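Trainee: Sharing a structure here in structure tokens format.
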Amino acid sequence: MATIDLSTMPIRTANEVIKGYGAIHKDVTIVNPDARHYIGVGLTNPIAVEIQGSAGYFCGGLSDGPNIHVEKNVSWGVGDNMLAGSIVVEGNAGAIAGEALRGGEIVIKGNMGSRAGQVMKKGTLFCGGSASFMAGYMMYGGKMIILGNSGERVGENMAGGEIFIGGRIDSLGCDAKVIEPGQKEIEEILSFLERYEIPFAGTFKKIVNAGQDLTYGTPEKKNPRISFPVFSGADSSYWNDKIQQDIRVKSEIGRYRIRGYGTTRNIPHFSDLAFKKDAFSSLDEKNELSAVQLRTLIGDRHGARAIDLSMPVMIAPMSFGALSPVMKQALGIASRLSSIADNTGEGGMYSVERAEARQLIAQCLSGRLGWNIHDMKRSDGLELYISQGAKPGLGGQLMASKLTQEIADMRGIPAGMDLRSPSRHPDILGGDDLVMKVNEFKESVGGRLPVSIKLGGGRTRDDVKIAFKDGLDFVELDGLQGGTGATGDEVAEYVGIPTISALMEAMDGLEEIDAGGQLPIILMGGIQSGIDAAKAIALGASAVGLGTSILVAGGCTGCMECSTGNCPVGMATQNKELTARCDVEKVALRMHTYLESVRWQMAAVANAFGYTDIRQISRNDLVALTPEAAALTRLPYCPEYRERLAAPSDRPAPLTVKGRETGSANYSKRNRNIIREMAGTDSTDFKGQSTLLGQLLLPRENPFPETRPAHPDDIVFLSAALTRLVIDPYREECATETCISRWREIGRRPPEIPSLTLDEPILVSGFDDAPENIRVALADVLAKKGCGYVGRRPLTTGTEAPTPKWLQLVDGTVEPKPAADVLIYDCRTGFEKTPMPRLRPDQLVGITVTAKTLSDSIPFALEQQMDMLVLDCTNGIMAPWAELQAPPDLTVLRDAVALLRKLGKEEEIALLNFGGMRSGTDVAKALATNCLASVFSVGAGFAMGGVLEENRMVFPDLPPVTTLADSVENWIKATSQEAAMIARCTGKTSVHNLEPEDMRCITIATAEATGLPLASGQVKREGF
Amino acid sequence: MCAIAGFLFKNGKRNTLNMSTGEALTSMLDATLHRGPDSAGWALYHEPLKDQLRIRFFITGDRPESSQIQEIKTLLKKQSVEIREEEVTGCTFGVIASYEGDVLALTQAIGGKTKLVSIGSSLDIIKDVGQPRDLAAKYNINRFNGNHGIAHIRLATESGVHPDTAHPFWACGFSDVATAHNGQITNYWIMRRRLERKGMRFQTENDTELIAVYLAYQMSLGTPLDDALEYSLEDLDGTFSYLVATENAIGYAKDKLAAKPMVKYEDDELIAISSEEVGLNSLFPGRALETTEPAPFTCGLWSR
């Protein structure tokens, strides 16, 4: 037996020495371990390792086959991702013992810390003492045995596997249930105990998945795809068909919508920038474009073997599962032919793709699906996924229709569930844990592979600093426009910052810590051509990633059905009939040809400037064509370049586009046609390439002309990533309870101050004169869901059933009623300081406030000790369907909050908002602006089948009350869920903790109307 | 995003540990250095002074040191604070002074005009940009052998890297109360504005300062520290494992997600708290220790 003394030998060396003994099957004793981290990480031989003392983080992690014995304690993550072998710990284990375990046995004789066995898939995790909270959190399989007490919320969100408890069950987690264990199972446990000489005389209870939450309930019916100009751009109407469809679908399925693709609306993008030199007019067949240096090495800043790219382009990570086997194979081939790097995406390494790709980055996600030491070693780079542009804050999703047995086996999870991967890693809960994970990865492969991180744009300025300090080799940074196979629609649209902003924030962040140029950024998110790529590089990116665009090149039709598994071209499906339509060679060649066009275009741009290396290009070579793009990138605004590029006689005419537009502004018909042409035009075809280049250089129309008003759609949220911890929107709680009161201080509210408590921050108004069925249904559901009604008269159910909270609107036409929970005096026609009394001491009282009245009415309301204000962003809440008259005036919220803040009374009166509310995301935006609840009207009408008729809403069909009630209940559930989802993405456990600081704007008009900053563009932050 | 360390001798006996209190804190920080390379700090609790205070100020690099010290002296004199001893160490100016008035009033009078690090009859906070071993030498930390202290190393997240954004933070205005924190408060601005409306002062945009100020505010309402710790579990959102120290005690609070690590070792004579067991092991090399991890959504307080 060999001996290693860790008081004298560094752990990196020690691990190599241990692996050396492993290679010759010689056992090892470790002395003076003193809780050092990473002992035995990456060991793949069945040798015995005796640790004489305590071990630190990840003892025996990422291993296969060792037999490790620890004399005392282990810290976090013992046996992380072990495939086989055993680890015996005589003392206690820290948190996440046996995380992501895939086989073998971990025996902890003492107690174990919280979240033991998180996302474990196979093998046995034994604890002789008691567990702490959430043992078996999100476990997918395997066996856990706890002789002592279970700890709180045992089996929380377990999808598979079994937990046996010898002691007390402190409390059961979500979707877990207790059953009686079988005789055979008990015998197996007893023989296990005998094998490890552990005495036990008690009995066992068994905990398994309760099966309530493995799949989504009602599936979404196929709905017509709506062309993007309907809901985005200058001509879209506020209550457009997309909004109506969203509300109607939510009233059917009772949850947020899910779809594939990225952001569908217009976002400021690279297409709003132009090069100062016109690459088209500089074209000359005699130019040697191949002489332009494009080769890029990435990932060696800490001594690892660099990824070697023939041009600064990578394939973006896309999972085997989201994509079909043929498509993954084709990506491997295309990446090899173009000599760039491919990426596994989530869910493990598909060996056929590995065989085809020359360089393959292995992506590690939170669920550790398919992750193992052998595939890590087979890869050319390791990527830790923190978040992605399409869904920052959410984990990956794979619907049951695509989770076939083959894919489930590879991932190590049960088939047939609607897989919602965890939103964060078990062991990366901040920048300080990230460095430990990075080190574990480096230890497991001896530091030979680059370790990178994938980040969705958001708090990028701070996140990249952490990535830099934590020793990452590069960052894959994804903007809002990034695509995906399945995500929540609202998160895809409204969480994250535009790709150009993400890049700017990354550059600024690194500059702030004097690390500019030292951490390569691979930019992704809506990049479609060599022109986009060259612009990204000019702004500071080291390379770009291509995802959706390369699928389009391969033949994707943009139907956006990716999540359903019905991909008509066999790319994003596992259905064998459909995948048969995908010819691997043909698709691979098209994607390769597309990549070569990208290469040609990058070289052509560099050549136009006379550069011999693409890296000579800089932001000095760029201008902005729109005020938004200028503000976000700090490039000069030069609209005159628009005319210069606008089709002089010698260049190709703009592509004419026929038929209905696509559902995605970023992949409009025109853009899609160009990508397809690129995939069919050989790089030696000078004329064809020139035409394409000419097309690509034509700027798009400004999607945000001056006529577009400030719009809530142009506000986005910053999600948590590294600086903050995301609260898992699929499973962790987020409080929505809402207490409306003029008292919001620290401590306990004095009893004499009245308050109104709602279960959800949602109120409905405008149904005073609606058909009776609708009023009854609304009354039933608002009462049941703990929401309130705002109106001149109360909603009544017509039965004994409880009625909803009533916030009475009082104007000249009605008398204030003592029965109302709140009296809201209407002051829309002008504000006069008349008495507006409460009729009983525990009744709340408030007024409506408009842009015109707020400067007088707010001080008065405060003086009168009123409880609340209704910030009315319409022409007047009393008018029927007031919201239909005009888009909401966002300045009311801005000015009311600013005035209250100026008076130092921001929280001494409750704020409600009315006008333009459509979704839970809109609620989140109002709450973040300091409102306590939002009042819906037209939105609720759509949920109950209302249709627009000129400027009012009518109900042509009147279904029975129960049907209407189901619809409205579903809609409230979905709306509340959306608001909570956004809050969790930003790291909050209560929707009321959303803050203005969590929001950014993507248009100047909206930034002005709301007082919120733009998504990027500000110069160095104060204090740095 | 950091590592924390806390240390307390329970009954004055010192047979089990072969190092000074300062060395013990530094050693725990150094062993967990990977968690926070940006800055380090210590809240050291000396023997309490009678009718005297230890006051420490930051000296900034932008103006001559002597003029800043002169300004501080003038300010103190105006508040009838009589300096008995003074020292310039690193980026700080520290005094021991006689003062009979209220510390909160003193803080409010001088707080906006100078950068206070800490005030206490017992507490002295030392913090700076850099790593713990180097700073310990620079500030003579290892000579400190008082009864207890807390310490911290930081990986900056949402505020910059300066001496004044290093931890621990003094509960501005409240004598002898300091906090060190690992995690991120996600309702920072809501809570900050709420506290500012109550007249509480903030010197940085660091969320740990918020914890310190929050606890100070609670105590100003007459809430005992152990209750304030408990209320903080509800009022603060995000992730945290934080330590608090007073003249006689150290305490902790841990959020409901248990996202931030904290390990405790306790024997008859002492309590040591570190973010990782490797920190505790650095106090007792070669020994296998009995350690425990506090449960989520709990808090605790240990007195000497």
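Ordering of the structure tokens sets the chain letters (A, B, ...); residue numbers start at 1 within each chain; ligands are numbered from 1 in the order shown.
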Compile the residues of chain A that lie within 8 Å of chain B, evaluated using only C-alpha atoms, and express the compilation as a PyMOL selection string.
Mentor: chain A and resi 32-37+53-54+56+71-73+75+91-92+94+113-114+132-133+429-433+435-436+462-463+465-466+723-725+745-746+904-905+907+987-989+993-995+997+1023-1024
Trainee: As a ChimeraX atom specification, which residues of region 288-353 of chain A does DSSP assign to helix (DSSP H, G or I)?
Mentor: /A:289-291,325-337,351-353
Trainee: If we count only C-alpha atoms and set the cut-off at 7 Å, which residues sit around Ala180 (chain B), ignoring sequence neighbours fewer than 5 positions away in its own chain? Please answer as a list in words.
Mentor: Ile4, Ala151, His152, His167, Pro168, Phe169, Thr208, Tyr242, Leu243 and Val244 of chain B
Trainee: Counting only C-alpha atoms, what is within 12 Å of region 199-201 of chain B, bar same-chain residues fewer than 5 positions away, as an NGL selection string?
Mentor: (:A and (904)) or (:B and (104-105 or 107-112 or 115-116 or 170-174 or 191-194 or 209-210 or 212-218 or 220))
Trainee: Determine which residues of region 171-302 of chain B receive a DSSP assignment of strand (DSSP E or B), computed from the backbone, and state them as an MDAnalysis selection string.
Mentor: chainID B and resid 178:185 238:245 249:254 263:266 270:274 291:292 298:302
Trainee: Write out the residues from the selection above, keeping N, CA, C and O atoms, as a compact mmCIF listing (two decimals), in the first residue's frame.
Mentor:
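Generated output (result.txt):
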# COMPACT_ATOMS: atom_id res chain seq x y z
N ALA B 178 -21.34 43.83 14.91
CA ALA B 178 -20.74 43.66 13.57
C ALA B 178 -21.31 42.41 12.91
O ALA B 178 -21.72 41.47 13.59
N THR B 179 -21.36 42.42 11.58
CA THR B 179 -21.82 41.23 10.86
C THR B 179 -20.87 40.89 9.71
O THR B 179 -20.21 41.76 9.15
N ALA B 180 -20.87 39.61 9.38
CA ALA B 180 -20.16 39.12 8.19
C ALA B 180 -21.10 38.13 7.52
O ALA B 180 -21.81 37.39 8.20
N HIS B 181 -21.07 38.10 6.20
CA HIS B 181 -22.17 37.42 5.51
C HIS B 181 -21.66 36.71 4.27
O HIS B 181 -20.81 37.22 3.56
N ASN B 182 -22.22 35.55 4.04
CA ASN B 182 -21.97 34.84 2.79
C ASN B 182 -23.31 34.65 2.12
O ASN B 182 -24.20 34.02 2.68
N GLY B 183 -23.50 35.22 0.92
CA GLY B 183 -24.77 35.07 0.24
C GLY B 183 -25.14 36.35 -0.48
O GLY B 183 -24.28 37.18 -0.78
N GLN B 184 -26.41 36.47 -0.77
CA GLN B 184 -26.87 37.63 -1.54
C GLN B 184 -28.29 37.95 -1.12
O GLN B 184 -29.16 37.08 -1.17
N ILE B 185 -28.52 39.17 -0.71
CA ILE B 185 -29.87 39.59 -0.33
C ILE B 185 -30.56 40.12 -1.59
O ILE B 185 -30.08 41.05 -2.23
N GLY B 238 -33.49 35.95 -0.43
CA GLY B 238 -32.23 35.57 -1.05
C GLY B 238 -31.53 34.49 -0.24
O GLY B 238 -32.18 33.70 0.44
N THR B 239 -30.22 34.47 -0.33
CA THR B 239 -29.47 33.42 0.35
C THR B 239 -28.52 34.06 1.34
O THR B 239 -27.91 35.07 1.05
N PHE B 240 -28.42 33.46 2.48
CA PHE B 240 -27.45 33.98 3.44
C PHE B 240 -27.10 32.97 4.51
O PHE B 240 -27.92 32.18 4.94
N SER B 241 -25.84 32.97 4.87
CA SER B 241 -25.38 32.46 6.14
C SER B 241 -24.61 33.63 6.71
O SER B 241 -23.61 34.01 6.13
N TYR B 242 -25.13 34.23 7.76
CA TYR B 242 -24.37 35.37 8.28
C TYR B 242 -24.04 35.22 9.74
O TYR B 242 -24.71 34.48 10.46
N LEU B 243 -22.97 35.89 10.13
CA LEU B 243 -22.55 35.89 11.53
C LEU B 243 -22.74 37.29 12.08
O LEU B 243 -22.58 38.28 11.37
N VAL B 244 -23.08 37.36 13.34
CA VAL B 244 -23.17 38.65 14.01
C VAL B 244 -22.39 38.52 15.31
O VAL B 244 -22.32 37.44 15.89
N ALA B 245 -21.77 39.60 15.72
CA ALA B 245 -21.05 39.55 16.99
C ALA B 245 -21.37 40.80 17.80
O ALA B 245 -21.65 41.86 17.23
N ALA B 249 -21.03 38.13 22.61
CA ALA B 249 -21.61 36.95 21.97
C ALA B 249 -21.30 36.91 20.49
O ALA B 249 -20.97 37.93 19.87
N ILE B 250 -21.41 35.70 19.91
CA ILE B 250 -21.51 35.61 18.46
C ILE B 250 -22.76 34.81 18.11
O ILE B 250 -23.18 33.93 18.86
N GLY B 251 -23.36 35.15 16.98
CA GLY B 251 -24.58 34.47 16.57
C GLY B 251 -24.58 34.26 15.07
O GLY B 251 -23.71 34.76 14.37
N TYR B 252 -25.56 33.51 14.61
CA TYR B 252 -25.65 33.26 13.16
C TYR B 252 -27.12 33.23 12.76
O TYR B 252 -28.01 33.04 13.60
N ALA B 253 -27.37 33.39 11.46
CA ALA B 253 -28.69 33.10 10.89
C ALA B 253 -28.45 32.49 9.53
O ALA B 253 -27.52 32.86 8.82
N LYS B 254 -29.32 31.54 9.17
CA LYS B 254 -29.14 30.80 7.93
C LYS B 254 -30.48 30.74 7.21
O LYS B 254 -31.50 30.42 7.80
N VAL B 263 -20.13 25.53 8.93
CA VAL B 263 -19.84 24.36 9.75
C VAL B 263 -19.34 24.83 11.11
O VAL B 263 -18.60 25.80 11.20
N LYS B 264 -19.74 24.11 12.14
CA LYS B 264 -19.40 24.54 13.50
C LYS B 264 -18.64 23.45 14.23
O LYS B 264 -18.96 22.26 14.12
N TYR B 265 -17.63 23.87 14.96
CA TYR B 265 -16.96 22.94 15.88
C TYR B 265 -17.07 23.53 17.28
O TYR B 265 -16.85 24.72 17.48
N GLU B 266 -17.41 22.69 18.24
CA GLU B 266 -17.58 23.18 19.61
C GLU B 266 -16.96 22.18 20.57
O GLU B 266 -17.17 20.98 20.43
N LEU B 270 -14.39 26.27 23.49
CA LEU B 270 -14.51 27.21 22.37
C LEU B 270 -15.56 26.79 21.35
O LEU B 270 -15.96 25.63 21.30
N ILE B 271 -15.96 27.78 20.58
CA ILE B 271 -16.80 27.54 19.42
C ILE B 271 -16.09 28.15 18.22
O ILE B 271 -15.65 29.30 18.28
N ALA B 272 -15.96 27.37 17.15
CA ALA B 272 -15.38 27.90 15.92
C ALA B 272 -16.35 27.64 14.79
O ALA B 272 -16.95 26.57 14.70
N ILE B 273 -16.56 28.64 13.94
CA ILE B 273 -17.48 28.52 12.81
C ILE B 273 -16.72 28.89 11.55
O ILE B 273 -16.00 29.90 11.52
N SER B 274 -16.89 28.07 10.53
CA SER B 274 -16.22 28.36 9.26
C SER B 274 -17.18 27.99 8.14
O SER B 274 -18.13 27.25 8.34
N THR B 291 -17.92 17.77 13.92
CA THR B 291 -18.47 19.05 13.45
C THR B 291 -19.96 18.91 13.16
O THR B 291 -20.46 17.81 12.97
N THR B 292 -20.65 20.04 13.12
CA THR B 292 -22.07 20.03 12.75
C THR B 292 -22.36 21.19 11.82
O THR B 292 -21.66 22.20 11.84
N THR B 298 -32.67 28.69 10.55
CA THR B 298 -32.45 28.75 11.99
C THR B 298 -31.48 29.89 12.29
O THR B 298 -30.79 30.39 11.41
N CYS B 299 -31.46 30.25 13.56
CA CYS B 299 -30.46 31.21 14.00
C CYS B 299 -30.03 30.79 15.40
O CYS B 299 -30.67 29.96 16.04
N GLY B 300 -28.94 31.35 15.85
CA GLY B 300 -28.45 30.98 17.18
C GLY B 300 -27.53 32.06 17.71
O GLY B 300 -27.02 32.89 16.95
N LEU B 301 -27.31 32.02 19.00
CA LEU B 301 -26.49 33.04 19.65
C LEU B 301 -25.74 32.36 20.79
O LEU B 301 -26.35 31.65 21.59
N TRP B 302 -24.42 32.52 20.82
CA TRP B 302 -23.64 31.97 21.93
C TRP B 302 -22.94 33.09 22.67
O TRP B 302 -22.31 33.94 22.04
Trainee: Show which residues sit within 8 Å of Glu156 (chain A), as an MDAnalysis selection string. Count only C-alpha atoms, and ignore same-chain residues fewer than 2 positions away.
Mentor: chainID A and resid 134:138 153:154 158 172:176
Trainee: Would you put the residues from that selection into a file with N, CA, C and O atoms, as a compact mmCIF listing (two decimals), in the first residue's frame?
Mentor:
# COMPACT_ATOMS: atom_id res chain seq x y z
N MET A 134 -34.66 18.20 3.02
CA MET A 134 -34.76 17.89 1.59
C MET A 134 -33.85 16.76 1.14
O MET A 134 -33.22 16.85 0.08
N ALA A 135 -33.76 15.70 1.94
CA ALA A 135 -33.04 14.51 1.45
C ALA A 135 -33.82 13.96 0.25
O ALA A 135 -35.05 13.93 0.26
N GLY A 136 -33.09 13.59 -0.78
CA GLY A 136 -33.75 13.04 -1.97
C GLY A 136 -34.38 14.10 -2.85
O GLY A 136 -35.25 13.81 -3.67
N TYR A 137 -33.93 15.34 -2.72
CA TYR A 137 -34.47 16.45 -3.52
C TYR A 137 -34.29 16.15 -5.00
O TYR A 137 -33.18 15.93 -5.47
N MET A 138 -35.37 16.09 -5.72
CA MET A 138 -35.35 15.87 -7.17
C MET A 138 -34.61 14.60 -7.57
O MET A 138 -34.01 14.55 -8.63
N ARG A 153 -39.09 17.80 4.81
CA ARG A 153 -39.41 17.74 3.38
C ARG A 153 -38.61 16.68 2.63
O ARG A 153 -38.03 16.93 1.57
N VAL A 154 -38.60 15.48 3.22
CA VAL A 154 -37.86 14.40 2.57
C VAL A 154 -38.56 14.02 1.27
O VAL A 154 -39.78 14.02 1.17
N MET A 158 -39.19 14.38 -5.76
CA MET A 158 -38.51 13.21 -6.33
C MET A 158 -39.31 12.72 -7.52
O MET A 158 -40.55 12.74 -7.51
N LEU A 172 -42.90 15.43 4.90
CA LEU A 172 -42.77 14.92 3.53
C LEU A 172 -42.63 16.09 2.56
O LEU A 172 -43.27 17.11 2.71
N GLY A 173 -41.83 15.89 1.55
CA GLY A 173 -41.69 16.93 0.52
C GLY A 173 -42.84 16.88 -0.46
O GLY A 173 -43.71 16.01 -0.41
N CYS A 174 -42.82 17.85 -1.35
CA CYS A 174 -43.81 17.95 -2.42
C CYS A 174 -43.79 16.71 -3.31
O CYS A 174 -42.72 16.25 -3.67
N ASP A 175 -44.93 16.23 -3.66
CA ASP A 175 -45.08 15.10 -4.57
C ASP A 175 -44.35 13.84 -4.09
O ASP A 175 -43.84 13.06 -4.88
N ALA A 176 -44.31 13.65 -2.77
CA ALA A 176 -43.75 12.41 -2.22
C ALA A 176 -44.83 11.78 -1.34
O ALA A 176 -45.69 12.47 -0.81
Trainee: Of the candidates B:Lys127, B:Lys77, B:Lys113, B:Lys138, which one gets nearest to Ile150 (chain B) if we count only C-alpha atoms?
Mentor: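 Of the candidates, the smallest distance to Ile150 (chain B) is held by B:Lys127.
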Trainee: Set the distance at 10 Å and use only C-alpha atoms: which residues neighbour Arg84 (chain B) once local chain neighbours fewer than 4 positions away are removed? I'd like the list as a ChimeraX atom specification.
Mentor: /B:52-53,95-98
Trainee: Write to file, as a PDB file, in the first residue's frame, the residues of the selection just made, with N, CA and C atoms.
Mentor:
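Okay, this is what ended up in out.pdb:
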ATOM      1  N   GLN B  52     -14.850  54.721  27.489  1.00  0.00           N
ATOM      2  CA  GLN B  52     -14.048  55.065  26.312  1.00  0.00           C
ATOM      3  C   GLN B  52     -14.501  54.230  25.118  1.00  0.00           C
ATOM      4  N   LEU B  53     -14.220  54.751  23.939  1.00  0.00           N
ATOM      5  CA  LEU B  53     -14.631  54.043  22.723  1.00  0.00           C
ATOM      6  C   LEU B  53     -13.435  53.838  21.798  1.00  0.00           C
ATOM      7  N   VAL B  95      -8.718  55.483  16.762  1.00  0.00           N
ATOM      8  CA  VAL B  95      -8.485  56.210  18.017  1.00  0.00           C
ATOM      9  C   VAL B  95      -9.133  55.464  19.177  1.00  0.00           C
ATOM     10  N   ILE B  96      -8.608  55.706  20.348  1.00  0.00           N
ATOM     11  CA  ILE B  96      -9.327  55.361  21.574  1.00  0.00           C
ATOM     12  C   ILE B  96      -9.639  56.707  22.226  1.00  0.00           C
ATOM     13  N   ALA B  97     -10.915  56.898  22.557  1.00  0.00           N
ATOM     14  CA  ALA B  97     -11.313  58.241  22.963  1.00  0.00           C
ATOM     15  C   ALA B  97     -12.346  58.189  24.074  1.00  0.00           C
ATOM     16  N   SER B  98     -12.364  59.245  24.847  1.00  0.00           N
ATOM     17  CA  SER B  98     -13.405  59.365  25.873  1.00  0.00           C
ATOM     18  C   SER B  98     -14.617  60.020  25.254  1.00  0.00           C
TER      19      SER B  98
END
Trainee: In Å, how far is it from CA of Gly545 (chain A) to CA of Phe704 (chain A)?
Mentor: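 Computed distance, CA of Gly545 (chain A) to CA of Phe704 (chain A), equals 26.6 Å.
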Trainee: Kindly give the distance, in Å, that separates CA of Lys13 (chain B) and CA of Ala55 (chain A), rounded to a single decimal.
Mentor: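 Separation between CA of Lys13 (chain B) and CA of Ala55 (chain A): 29.3 Å.
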Trainee: For Gln183 (chain A), work out the shell of residues within 12 Å, counting only C-alpha atoms and skipping chain neighbours fewer than 5 positions away, then give it as a PyMOL selection string.
Mentor: chain A and resi 188-190+203-206
